[in-house]
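Student: Contents of structure_21.csv (CSV, C-alpha atoms) are below:
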chain,number,residue,atom,x,y,z
C,56,MET,CA,90.2,126.7,143.9
C,57,THR,CA,93.4,125.1,145.3
C,58,ASP,CA,95.7,123.8,142.6
C,59,LEU,CA,96.2,120.1,143.3
C,60,ARG,CA,99.9,120.1,142.2
C,61,TYR,CA,100.5,116.4,142.8
C,62,LEU,CA,98.2,115.6,139.9
C,63,PRO,CA,98.4,114.0,137.5
C,64,ASP,CA,101.9,112.6,138.0
C,65,ALA,CA,103.9,114.7,140.5
C,66,ASP,CA,103.0,112.6,143.6
C,67,ASP,CA,106.7,112.1,144.3
C,68,VAL,CA,107.2,115.8,145.2
C,69,THR,CA,107.4,116.3,149.0
C,70,ALA,CA,108.8,119.9,149.2
C,71,PHE,CA,107.3,123.0,147.6
C,72,THR,CA,106.6,126.7,147.9
C,73,ALA,CA,103.1,128.2,147.9
C,74,THR,CA,101.2,131.3,148.8
C,75,ILE,CA,98.5,131.6,151.6
C,76,THR,CA,95.1,132.6,150.2
C,77,GLU,CA,93.2,132.4,153.5
C,78,THR,CA,94.0,131.9,157.2
C,79,GLY,CA,91.5,130.4,159.6
C,80,GLN,CA,91.7,129.9,163.4
C,81,ASP,CA,93.7,126.7,163.1
C,82,SER,CA,94.0,126.2,159.3
C,83,VAL,CA,95.4,127.7,156.2
C,84,PHE,CA,94.5,127.6,152.5
C,85,LEU,CA,97.1,127.7,149.8
C,86,ASP,CA,97.0,128.7,146.1
C,87,GLY,CA,98.5,125.2,145.3
C,88,THR,CA,99.5,122.2,147.3
C,89,TYR,CA,101.3,118.9,147.1
C,90,PHE,CA,99.7,117.7,150.4
C,91,TYR,CA,97.2,114.9,149.6
C,92,PRO,CA,93.7,115.6,151.1
C,93,GLU,CA,91.9,112.6,152.6
C,94,GLY,CA,89.8,110.8,150.0
C,95,GLY,CA,89.4,107.6,148.0
C,96,GLY,CA,90.3,105.4,150.9
C,97,GLN,CA,93.7,107.1,151.5
C,98,PRO,CA,94.4,109.3,154.6
C,99,ALA,CA,95.7,112.8,154.3
C,100,ASP,CA,99.4,113.6,154.3
C,101,ARG,CA,101.2,115.0,157.3
C,102,GLY,CA,104.1,117.5,157.3
C,103,VAL,CA,105.2,121.0,158.1
C,104,LEU,CA,104.6,124.6,156.8
C,105,GLU,CA,107.2,127.2,157.5
C,106,TRP,CA,107.4,130.9,156.8
C,107,ASP,CA,109.5,133.9,157.9
C,108,GLY,CA,109.2,133.8,161.7
C,109,GLY,CA,106.9,130.9,162.0
C,110,ARG,CA,106.3,127.1,161.7
C,111,ALA,CA,103.2,124.9,162.0
C,112,ASP,CA,102.7,121.1,161.8
C,113,VAL,CA,100.1,120.0,159.2
C,114,VAL,CA,98.0,117.5,161.1
C,115,ASP,CA,95.2,117.0,158.6
C,116,VAL,CA,94.3,118.0,155.0
C,117,ARG,CA,90.7,118.1,153.7
C,118,LYS,CA,88.9,119.2,150.6
C,119,ASP,CA,86.6,122.1,151.3
C,120,HIS,CA,84.2,123.3,148.5
C,121,GLY,CA,86.9,123.2,145.9
C,122,ASP,CA,89.7,124.4,148.1
C,123,VAL,CA,92.1,122.4,150.3
C,124,ARG,CA,92.1,123.1,154.0
C,125,HIS,CA,95.4,122.4,155.8
C,126,ASP,CA,94.6,122.0,159.5
C,127,VAL,CA,97.7,123.0,161.6
C,128,GLU,CA,99.2,123.1,165.0
C,129,LEU,CA,101.2,126.2,165.5
C,130,ARG,CA,104.8,125.6,166.7
C,131,ALA,CA,106.4,129.1,166.4
C,132,GLY,CA,105.2,132.6,165.6
C,133,GLU,CA,101.6,133.4,164.5
C,134,LEU,CA,99.6,132.1,161.6
C,135,PRO,CA,100.5,134.4,158.7
C,136,PRO,CA,98.0,136.5,156.6
C,137,GLU,CA,96.9,136.1,153.0
C,138,GLY,CA,99.8,136.6,150.6
C,139,THR,CA,102.5,135.1,152.7
C,140,THR,CA,104.9,132.7,151.0
C,141,VAL,CA,105.3,129.4,152.9
C,142,GLU,CA,107.5,126.4,152.4
C,143,GLY,CA,105.7,123.0,152.6
C,144,ARG,CA,107.4,119.7,153.5
C,145,ILE,CA,105.4,116.5,153.4
C,146,ASP,CA,106.4,113.6,155.7
C,147,GLU,CA,108.2,111.7,153.0
C,148,ASP,CA,108.4,108.3,154.8
C,149,ARG,CA,104.6,108.3,155.5
C,150,ARG,CA,103.8,109.4,151.9
C,151,ARG,CA,106.0,106.6,150.5
C,152,LYS,CA,104.2,104.0,152.7
C,153,LEU,CA,100.8,105.2,151.6
C,154,SER,CA,101.8,105.3,147.9
C,155,ARG,CA,103.1,101.7,148.2
C,156,MET,CA,99.9,100.6,150.0
C,157,HIS,CA,97.6,102.3,147.5
C,158,THR,CA,99.3,100.8,144.5
C,159,ALA,CA,99.2,97.4,146.3
C,160,GLN,CA,95.5,97.8,146.7
C,161,HIS,CA,95.2,98.2,142.9
C,162,VAL,CA,97.2,95.0,142.4
C,163,VAL,CA,95.0,92.9,144.8
C,164,SER,CA,91.8,94.4,143.3
C,165,ARG,CA,92.9,93.4,139.8
C,166,VAL,CA,93.9,89.9,140.9
C,167,VAL,CA,90.6,89.3,142.6
C,168,LEU,CA,88.6,90.7,139.7
C,169,GLU,CA,90.4,88.4,137.3
C,170,GLU,CA,90.4,85.3,139.4
C,171,TYR,CA,87.0,85.5,141.1
C,172,GLY,CA,85.0,88.1,139.2
C,173,ALA,CA,84.5,90.2,142.3
C,174,GLY,CA,84.6,94.0,142.2
C,175,THR,CA,86.1,96.3,144.8
C,176,ALA,CA,83.2,97.7,146.9
C,177,GLY,CA,85.4,99.8,149.2
C,178,ASN,CA,88.9,100.1,150.5
C,179,GLN,CA,91.0,101.8,153.2
C,180,VAL,CA,94.8,102.1,153.1
C,181,TYR,CA,97.0,103.1,156.1
C,182,PRO,CA,100.8,103.4,156.4
C,183,ASP,CA,101.1,99.9,158.0
C,184,ARG,CA,98.1,97.9,156.7
C,185,SER,CA,95.2,98.0,154.3
C,186,ARG,CA,91.8,96.5,153.7
C,187,ILE,CA,89.6,95.9,150.7
C,188,ASP,CA,85.9,94.9,150.5
C,189,PHE,CA,84.9,92.7,147.5
C,190,GLU,CA,81.5,91.9,146.2
C,191,PRO,CA,80.2,89.3,145.4
C,192,ALA,CA,82.8,87.3,147.1
C,193,SER,CA,83.5,84.5,149.6
C,194,PHE,CA,87.1,83.3,150.1
C,195,ASP,CA,88.6,80.3,151.8
C,196,LYS,CA,92.2,79.7,152.9
C,197,GLU,CA,93.2,78.4,149.5
C,198,ASP,CA,91.7,81.4,147.8
C,199,LEU,CA,93.6,83.8,150.1
C,200,GLU,CA,96.9,82.0,149.4
C,201,ARG,CA,96.2,82.2,145.7
C,202,ILE,CA,95.4,85.9,145.9
C,203,GLU,CA,98.6,86.6,147.8
C,204,ARG,CA,100.7,84.5,145.4
C,205,ARG,CA,99.2,86.1,142.2
C,206,SER,CA,99.6,89.6,143.7
C,207,ASN,CA,103.3,89.0,144.5
C,208,GLU,CA,103.9,87.5,141.1
C,209,ALA,CA,102.7,90.7,139.5
C,210,ILE,CA,104.9,92.8,141.9
C,211,GLU,CA,107.9,90.7,141.0
C,212,ARG,CA,107.3,91.5,137.3
C,213,ASP,CA,107.9,95.2,138.2
C,214,HIS,CA,105.4,96.7,135.8
C,215,PRO,CA,105.7,100.4,135.3
C,216,VAL,CA,102.9,102.6,136.7
C,217,THR,CA,101.7,105.6,134.7
C,218,LYS,CA,99.6,108.4,136.1
C,219,GLU,CA,97.9,110.8,133.6
C,220,ASN,CA,94.7,112.6,132.8
C,221,ARG,CA,92.6,111.1,130.0
C,222,PRO,CA,89.2,112.0,128.4
C,223,ARG,CA,86.4,110.5,130.4
C,224,PRO,CA,84.7,108.7,127.4
C,225,ALA,CA,88.0,106.9,126.6
C,226,VAL,CA,88.4,105.9,130.3
C,227,GLU,CA,84.8,104.6,130.5
C,228,GLU,CA,85.4,102.5,127.4
C,229,ALA,CA,88.8,101.1,128.6
C,230,VAL,CA,88.0,100.3,132.2
C,231,ASP,CA,86.9,96.7,132.8
C,232,GLU,CA,83.4,96.2,134.3
C,233,GLY,CA,83.7,95.8,138.1
C,234,ARG,CA,87.1,97.5,138.3
C,235,ALA,CA,85.9,101.0,139.1
C,236,LEU,CA,82.8,102.7,140.6
C,237,LEU,CA,82.6,105.2,137.7
C,238,ASP,CA,79.0,106.0,138.5
C,239,LEU,CA,80.1,107.6,141.8
C,240,ILE,CA,82.3,110.1,139.9
C,241,PRO,CA,80.2,113.2,138.8
C,242,ASP,CA,79.8,113.5,135.1
C,243,SER,CA,81.3,116.9,135.2
C,244,VAL,CA,84.7,115.4,136.1
C,245,ASP,CA,86.4,115.2,132.7
C,246,PRO,CA,89.2,114.4,132.1
C,247,LEU,CA,89.8,111.7,134.7
C,248,ARG,CA,93.1,111.0,136.3
C,249,VAL,CA,94.0,107.4,135.5
C,250,VAL,CA,96.5,105.1,137.1
C,251,GLU,CA,97.7,102.4,134.7
C,252,ILE,CA,99.8,99.4,135.6
C,253,GLU,CA,101.3,98.5,132.2
C,254,ALA,CA,99.8,95.3,130.7
C,255,PHE,CA,98.0,94.6,134.0
C,256,ASP,CA,95.5,97.2,135.3
C,257,LEU,CA,93.7,100.5,134.5
C,258,CYS,CA,91.7,102.4,137.0
C,259,PRO,CA,90.6,106.1,137.5
C,260,CYS,CA,92.1,107.2,140.9
C,261,GLY,CA,93.2,110.4,142.5
C,262,GLY,CA,95.5,108.8,145.1
C,263,THR,CA,99.3,108.7,145.3
C,264,HIS,CA,101.2,105.8,143.8
C,265,VAL,CA,104.6,104.4,143.2
C,266,SER,CA,106.2,104.5,139.7
C,267,ARG,CA,106.9,100.7,139.4
C,268,LEU,CA,105.4,97.7,141.1
C,269,GLY,CA,108.8,96.6,142.4
C,270,GLU,CA,108.7,99.6,144.8
C,271,ILE,CA,105.7,98.0,146.7
C,272,GLY,CA,107.5,95.1,148.5
C,273,ARG,CA,105.9,91.8,149.2
C,274,ILE,CA,102.2,91.5,150.1
C,275,THR,CA,101.1,89.4,153.0
C,276,VAL,CA,97.4,88.7,153.5
C,277,THR,CA,96.8,88.9,157.3
C,278,ASP,CA,93.1,88.3,157.7
C,279,HIS,CA,89.7,88.1,156.0
C,280,VAL,CA,86.2,88.6,157.4
C,281,SER,CA,82.6,88.4,156.0
C,282,LYS,CA,81.0,91.8,155.9
C,283,GLY,CA,77.5,90.6,155.1
C,284,GLU,CA,75.9,88.6,152.3
C,285,ASP,CA,78.3,88.2,149.4
C,286,VAL,CA,80.8,90.8,150.8
C,287,ALA,CA,84.3,89.7,151.9
C,288,ARG,CA,87.0,91.8,153.4
C,289,ILE,CA,90.7,91.1,152.8
C,290,GLU,CA,93.4,92.7,155.0
C,291,PHE,CA,97.0,92.8,154.1
C,292,GLU,CA,100.4,94.3,155.1
C,293,LEU,CA,103.6,95.0,153.1
C,294,GLU,CA,107.2,94.1,153.6
C,295,GLU,CA,109.9,96.6,152.6
C,296,PRO,CA,111.1,96.0,149.0
C,297,ALA,CA,114.5,94.2,148.8
Mind converting the file's structure to structure tokens?

Tutor:
Amino acid sequence: MTDLRYLPDADDVTAFTATITETGQDSVFLDGTYFYPEGGGQPADRGVLEWDGGRADVVDVRKDHGDVRHDVELRAGELPPEGTTVEGRIDEDRRRKLSRMHTAQHVVSRVVLEEYGAGTAGNQVYPDRSRIDFEPASFDKEDLERIERRSNEAIERDHPVTKENRPRPAVEEAVDEGRALLDLIPDSVDPLRVVEIEAFDLCPCGGTHVSRLGEIGRITVTDHVSKGEDVARIEFELEEPA
């Protein structure tokens, strides 16, 4: 199995060395990786793999039966065989944007749960925008203004963000009802990787995140739509932090 080296709290690492364990037609598997594979509403990282005499762009990263498959486009040389040492470099700017967005999603989800009692039914983050589906929920213009204001107030308080593994029973006891879809995480997953925003939010999550809320920048709610009975979608963007 590929070692997910960015877990639990090394998601700020964007350059590393690894060993190839398998080479496919247009993909490679590594013994360990800091590339984030698509999942949990967060897209995969992009970047580069380099080795003696060769280079390839990493265009997608996916989990594959316990391993992580790095889909690549060859730029120089030939894909190397098993046992080759490679240097990995993640697109640092893109990773930073996704980390800011994913942490912002946690902030908005907490605010909506507290203010309206609506849980997060689904979410998708991108480098330039994000969306969250809430249930049961129906928002008007004043609600959206309140959600935006409360979210930015939390960001301005610059709470620290902790990422660590914790025993599953303790997480299940600590997480507020409606904050996480714990029933979708197999019982065999123990411990759980938890993202905690100090004095504000706690949620099991495997995504990449910033270390303090002040790194997010200001949230702007850009749109909302109804996605069916009692399901409301909020879309937002981020400004660069001051």

Student: Hey, can you check how far atom CA of Cys258 of chain C sits from atom CA of Lys196 of chain C?

Tutor: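 Value for the atom CA of Cys258 of chain C-atom CA of Lys196 of chain C distance: 27.7 Å.
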
Student: Find the distance between atom CA of Glu142 of chain C and atom CA of Arg248 of chain C and write it in Å to one decimal.

Tutor: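 Taking atom CA of Glu142 of chain C as the start and atom CA of Arg248 of chain C as the end point, the length is 26.5 Å.
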
Student: Using all atoms listed in the file, which of the listed residues (C:Gly79, C:Gly283, C:Gly94, C:Gly174) sits closest to Pro136 of chain C?

Tutor: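 Under the stated criterion, the closest residue is C:Gly79.
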
Student: Enter the distance from atom CA of Glu295 of chain C to atom CA of His157 of chain C, in Å, rounded to one decimal.

Tutor: 14.5 Å

Student: For Glu200 of chain C, which of C:His125, C:Arg110, C:Arg149, C:His279 is the closest residue, counting only C-alpha atoms?

Tutor: C:His279
